[in-house]
$ cat data.cif   # mmCIF, C-alpha atoms
data_input
#
loop_
_atom_site.label_atom_id
_atom_site.label_comp_id
_atom_site.auth_asym_id
_atom_site.auth_seq_id
_atom_site.Cartn_x
_atom_site.Cartn_y
_atom_site.Cartn_z
CA MET A 1 -21.34 32.39 41.87
CA SER A 2 -18.58 30.02 41.20
CA PHE A 3 -14.97 30.27 40.17
CA THR A 4 -12.16 28.27 38.68
CA ALA A 5 -8.69 28.07 40.22
CA ARG A 6 -7.36 30.08 37.28
CA GLU A 7 -9.66 33.01 38.14
CA LEU A 8 -8.17 33.29 41.64
CA ALA A 9 -5.18 35.21 40.31
CA LYS A 10 -4.86 38.20 42.64
CA ARG A 11 -3.03 38.14 45.98
CA VAL A 12 -5.05 39.69 48.84
CA GLU A 13 -4.02 40.15 52.46
CA LEU A 14 -6.65 39.84 55.18
CA GLN A 15 -5.93 42.10 58.15
CA ASP A 16 -7.19 42.39 61.73
CA TYR A 17 -6.78 45.23 64.24
CA VAL A 18 -4.79 43.63 67.05
CA SER A 19 -3.84 44.84 70.52
CA THR A 20 -0.42 43.99 71.92
CA GLN A 21 0.91 44.86 75.34
CA ASP A 22 4.54 45.77 76.02
CA PRO A 23 5.67 43.42 78.81
CA GLU A 24 7.97 46.04 80.34
CA THR A 25 5.81 49.16 80.27
CA GLY A 26 2.34 47.66 80.05
CA TYR A 27 1.56 50.07 77.20
CA ILE A 28 -1.03 48.70 74.77
CA THR A 29 -0.44 49.22 71.07
CA ARG A 30 -3.10 48.58 68.42
CA THR A 31 -1.94 47.80 64.88
CA TRP A 32 -3.29 46.20 61.73
CA THR A 33 -1.77 42.74 61.28
CA THR A 34 -2.07 40.35 58.33
CA PHE A 35 -3.63 37.08 59.49
CA ALA A 36 -3.93 35.43 56.05
CA THR A 37 -2.81 35.90 52.46
CA VAL A 38 -5.19 34.42 49.91
CA MET A 39 -5.71 34.33 46.18
CA ALA A 40 -8.89 35.98 44.94
CA LYS A 41 -10.90 36.99 41.91
CA VAL A 42 -11.35 40.78 41.90
CA GLU A 43 -14.26 42.44 40.09
CA PRO A 44 -15.01 46.18 40.19
CA LEU A 45 -18.70 46.83 40.82
CA VAL A 46 -19.12 50.57 40.97
CA GLY A 47 -16.91 53.50 40.23
CA ARG A 48 -18.31 56.91 40.96
CA GLU A 49 -17.11 60.38 41.61
CA TYR A 50 -18.97 62.83 43.74
CA PHE A 51 -18.49 66.28 45.19
CA ALA A 52 -17.79 66.49 48.90
CA ALA A 53 -16.24 69.37 50.80
CA ALA A 54 -15.63 71.22 47.53
CA ALA A 55 -13.40 68.43 46.21
CA ILE A 56 -13.99 65.52 43.88
CA GLN A 57 -13.84 62.22 45.74
CA ALA A 58 -13.57 58.82 44.08
CA GLU A 59 -15.29 55.79 45.54
CA ASN A 60 -14.73 52.27 44.28
CA THR A 61 -16.62 49.16 45.32
CA VAL A 62 -15.09 45.81 44.49
CA LYS A 63 -16.24 42.20 44.85
CA PHE A 64 -13.52 39.84 46.04
CA THR A 65 -14.24 36.13 45.50
CA MET A 66 -11.99 33.71 47.40
CA ARG A 67 -12.00 30.23 48.84
CA TYR A 68 -14.06 29.93 52.02
CA GLN A 69 -12.67 32.05 54.87
CA PRO A 70 -14.54 31.14 58.09
CA ASP A 71 -12.76 33.75 60.23
CA LEU A 72 -13.26 36.76 57.95
CA ARG A 73 -15.61 39.43 59.36
CA PRO A 74 -16.70 42.96 58.36
CA HIS A 75 -14.48 44.53 61.06
CA HIS A 76 -11.41 43.23 59.19
CA ARG A 77 -9.91 44.95 56.15
CA LEU A 78 -8.16 43.91 52.93
CA LEU A 79 -4.87 44.97 51.39
CA TYR A 80 -4.87 44.53 47.64
CA ASP A 81 -2.70 46.10 44.95
CA GLY A 82 -1.19 48.56 47.43
CA LYS A 83 -4.63 49.84 48.50
CA LEU A 84 -6.58 49.28 51.69
CA TRP A 85 -10.22 48.18 51.48
CA ASN A 86 -12.98 48.45 54.12
CA ILE A 87 -15.15 45.35 54.14
CA GLN A 88 -18.84 46.15 53.70
CA SER A 89 -20.11 42.55 53.76
CA VAL A 90 -18.88 38.96 53.94
CA ILE A 91 -21.11 36.39 52.22
CA ASN A 92 -21.03 32.57 52.29
CA PRO A 93 -23.18 31.78 49.22
CA LYS A 94 -25.86 29.18 49.97
CA GLY A 95 -24.05 28.32 53.24
CA ARG A 96 -21.95 25.73 51.41
CA ASN A 97 -18.55 26.79 52.84
CA ARG A 98 -16.93 26.67 49.40
CA GLU A 99 -16.33 30.34 48.70
CA THR A 100 -16.49 33.71 50.38
CA LEU A 101 -17.71 36.84 48.62
CA VAL A 102 -16.50 40.12 50.06
CA MET A 103 -17.88 43.49 49.07
CA ALA A 104 -15.39 46.23 49.93
CA LYS A 105 -14.80 49.95 49.38
CA ASP A 106 -11.39 51.49 49.02
CA ILE A 107 -10.13 53.54 51.94
CA ALA A 108 -9.35 57.11 50.94
CA GLU A 109 -5.79 58.23 51.62
CA GLY A 110 -5.41 60.03 54.91
CA THR A 111 -8.16 58.03 56.65
CA ILE A 112 -5.98 55.17 57.80
#

$ encode --input "data.cif" --output "structure tokens"
Amino acid sequence: MSFTARELAKRVELQDYVSTQDPETGYITRTWTTFATVMAKVEPLVGREYFAAAAIQAENTVKFTMRYQPDLRPHHRLLYDGKLWNIQSVINPKGRNRETLVMAKDIAEGTI
């Protein structure tokens, strides 16, 4: 579970769901905001199709390997290659704070 700098070749945005309040109206707006852009190694793990609601659905699980990201949590999401990814798990291998492994599933269109 290691990487070389050359393998970190894909740009990934880390996003958080943030609340902002309009100072004039007091209305609270929640939006996804990029809090970091990192380089990562991207490896597909599973690709499967299944039938759901009489339609074929595609589900992709990908492992993102990046330099250690202490603030990344499963409630965040990733933006990579024009697609949004739900984080399933965030792993700090051996607790060494050298790299972060993220397992994520793509978000189907229309569920954002």

$ atom_distance --input "data.cif" --atom1 "CA of Thr100 in chain A" --atom2 "CA of Trp32 in chain A"
21.4 Å

$ resolve_selection --input "data.cif" --expression "the PyMOL selection byres ((chain A and resi 11) around 8)" --output "VMD selection string"
chain A and resid 9 to 10 12 to 13 37 to 40 80

$ residues_around --input "data.cif" --residues "Ser19 in chain A" --least-positions-apart "3" --cutoff "12 Å" --atoms "all atoms listed in the file" --output "list in words"
Asp16, Asp22, Gly26, Tyr27, Ile28, Thr29, Arg30, Thr31, Trp32 and Thr33 of chain A

$ atom_distance --input "data.cif" --atom1 "CA of Glu59 in chain A" --atom2 "CA of Asn92 in chain A"
24.9 Å

$ residues_near_point --input "data.cif" --point "(-16.7, 39.4, 46.5)" --cutoff "9 Å" --atoms "all atoms listed in the file" --output "compact mmCIF listing (two decimals) with C-alpha atoms, in the coordinates of the input"
# COMPACT_ATOMS: atom_id res chain seq x y z
CA ALA A 40 -8.89 35.98 44.94
CA LYS A 41 -10.90 36.99 41.91
CA VAL A 42 -11.35 40.78 41.90
CA GLU A 43 -14.26 42.44 40.09
CA VAL A 62 -15.09 45.81 44.49
CA LYS A 63 -16.24 42.20 44.85
CA PHE A 64 -13.52 39.84 46.04
CA THR A 65 -14.24 36.13 45.50
CA MET A 66 -11.99 33.71 47.40
CA SER A 89 -20.11 42.55 53.76
CA VAL A 90 -18.88 38.96 53.94
CA ILE A 91 -21.11 36.39 52.22
CA THR A 100 -16.49 33.71 50.38
CA LEU A 101 -17.71 36.84 48.62
CA VAL A 102 -16.50 40.12 50.06
CA MET A 103 -17.88 43.49 49.07
CA ALA A 104 -15.39 46.23 49.93

$ closest_residue --input "data.cif" --among "A:Lys83, A:Arg67, A:Pro74, A:Thr25" --to "Arg98 in chain A" --atoms "all atoms listed in the file"
A:Arg67

$ atom_distance --input "data.cif" --atom1 "CA of Leu72 in chain A" --atom2 "CA of Leu14 in chain A"
7.8 Å

$ residues_around --input "data.cif" --residues "Leu84 in chain A" --least-positions-apart "6" --cutoff "6 Å" --atoms "all atoms listed in the file" --output "JSON, numbers by chain"
{"A": [78, 106, 107]}

$ closest_residue --input "data.cif" --among "A:Ala5, A:Ile87, A:Val18, A:Ala36" --to "Arg73 in chain A" --atoms "only C-alpha atoms"
A:Ile87

$ closest_residue --input "data.cif" --among "A:Glu99, A:Thr34, A:Asn60, A:Gln21" --to "Trp85 in chain A" --atoms "all atoms listed in the file"
A:Asn60

$ closest_residue --input "data.cif" --among "A:Thr20, A:Phe35, A:Leu8, A:Thr61" --to "Asn86 in chain A" --atoms "all atoms listed in the file"
A:Thr61

$ closest_residue --input "data.cif" --among "A:His76, A:Pro70, A:Gly82, A:Gln88" --to "Tyr17 in chain A" --atoms "all atoms listed in the file"
A:His76

$ build_atoms --input "data.cif" --residues "range 88-105 of chain A" --atoms "N, CA and C atoms" --output "PDB file, keeping the file's coordinate frame"
ATOM      1  N   GLN A  88     -17.447  45.774  53.506  1.00  0.00           N
ATOM      2  CA  GLN A  88     -18.840  46.150  53.700  1.00  0.00           C
ATOM      3  C   GLN A  88     -19.683  44.923  54.062  1.00  0.00           C
ATOM      4  N   SER A  89     -19.379  43.777  53.444  1.00  0.00           N
ATOM      5  CA  SER A  89     -20.110  42.550  53.760  1.00  0.00           C
ATOM      6  C   SER A  89     -19.269  41.330  53.418  1.00  0.00           C
ATOM      7  N   VAL A  90     -19.529  40.256  54.154  1.00  0.00           N
ATOM      8  CA  VAL A  90     -18.880  38.960  53.940  1.00  0.00           C
ATOM      9  C   VAL A  90     -20.006  37.952  53.735  1.00  0.00           C
ATOM     10  N   ILE A  91     -19.997  37.268  52.587  1.00  0.00           N
ATOM     11  CA  ILE A  91     -21.110  36.390  52.220  1.00  0.00           C
ATOM     12  C   ILE A  91     -20.593  34.973  51.971  1.00  0.00           C
ATOM     13  N   ASN A  92     -21.284  33.986  52.536  1.00  0.00           N
ATOM     14  CA  ASN A  92     -21.030  32.570  52.290  1.00  0.00           C
ATOM     15  C   ASN A  92     -22.196  32.075  51.437  1.00  0.00           C
ATOM     16  N   PRO A  93     -22.050  32.105  50.093  1.00  0.00           N
ATOM     17  CA  PRO A  93     -23.180  31.780  49.220  1.00  0.00           C
ATOM     18  C   PRO A  93     -23.778  30.403  49.520  1.00  0.00           C
ATOM     19  N   LYS A  94     -25.072  30.391  49.723  1.00  0.00           N
ATOM     20  CA  LYS A  94     -25.860  29.180  49.970  1.00  0.00           C
ATOM     21  C   LYS A  94     -25.383  28.399  51.191  1.00  0.00           C
ATOM     22  N   GLY A  95     -24.524  28.992  52.029  1.00  0.00           N
ATOM     23  CA  GLY A  95     -24.050  28.320  53.240  1.00  0.00           C
ATOM     24  C   GLY A  95     -23.262  27.051  52.974  1.00  0.00           C
ATOM     25  N   ARG A  96     -22.628  26.966  51.816  1.00  0.00           N
ATOM     26  CA  ARG A  96     -21.950  25.730  51.410  1.00  0.00           C
ATOM     27  C   ARG A  96     -20.483  25.669  51.822  1.00  0.00           C
ATOM     28  N   ASN A  97     -19.941  26.754  52.385  1.00  0.00           N
ATOM     29  CA  ASN A  97     -18.550  26.790  52.840  1.00  0.00           C
ATOM     30  C   ASN A  97     -17.549  26.436  51.731  1.00  0.00           C
ATOM     31  N   ARG A  98     -17.839  26.906  50.527  1.00  0.00           N
ATOM     32  CA  ARG A  98     -16.930  26.670  49.400  1.00  0.00           C
ATOM     33  C   ARG A  98     -16.212  27.946  48.983  1.00  0.00           C
ATOM     34  N   GLU A  99     -16.910  29.068  49.101  1.00  0.00           N
ATOM     35  CA  GLU A  99     -16.330  30.340  48.700  1.00  0.00           C
ATOM     36  C   GLU A  99     -16.831  31.441  49.613  1.00  0.00           C
ATOM     37  N   THR A 100     -16.098  32.527  49.635  1.00  0.00           N
ATOM     38  CA  THR A 100     -16.490  33.710  50.380  1.00  0.00           C
ATOM     39  C   THR A 100     -16.515  34.880  49.414  1.00  0.00           C
ATOM     40  N   LEU A 101     -17.607  35.619  49.420  1.00  0.00           N
ATOM     41  CA  LEU A 101     -17.710  36.840  48.620  1.00  0.00           C
ATOM     42  C   LEU A 101     -17.591  38.017  49.577  1.00  0.00           C
ATOM     43  N   VAL A 102     -16.722  38.946  49.225  1.00  0.00           N
ATOM     44  CA  VAL A 102     -16.500  40.120  50.060  1.00  0.00           C
ATOM     45  C   VAL A 102     -16.751  41.356  49.229  1.00  0.00           C
ATOM     46  N   MET A 103     -17.655  42.201  49.699  1.00  0.00           N
ATOM     47  CA  MET A 103     -17.880  43.490  49.070  1.00  0.00           C
ATOM     48  C   MET A 103     -17.093  44.506  49.891  1.00  0.00           C
ATOM     49  N   ALA A 104     -16.257  45.299  49.212  1.00  0.00           N
ATOM     50  CA  ALA A 104     -15.390  46.230  49.930  1.00  0.00           C
ATOM     51  C   ALA A 104     -15.260  47.545  49.173  1.00  0.00           C
ATOM     52  N   LYS A 105     -15.038  48.618  49.948  1.00  0.00           N
ATOM     53  CA  LYS A 105     -14.800  49.950  49.380  1.00  0.00           C
ATOM     54  C   LYS A 105     -13.378  50.360  49.713  1.00  0.00           C
TER      55      LYS A 105
END
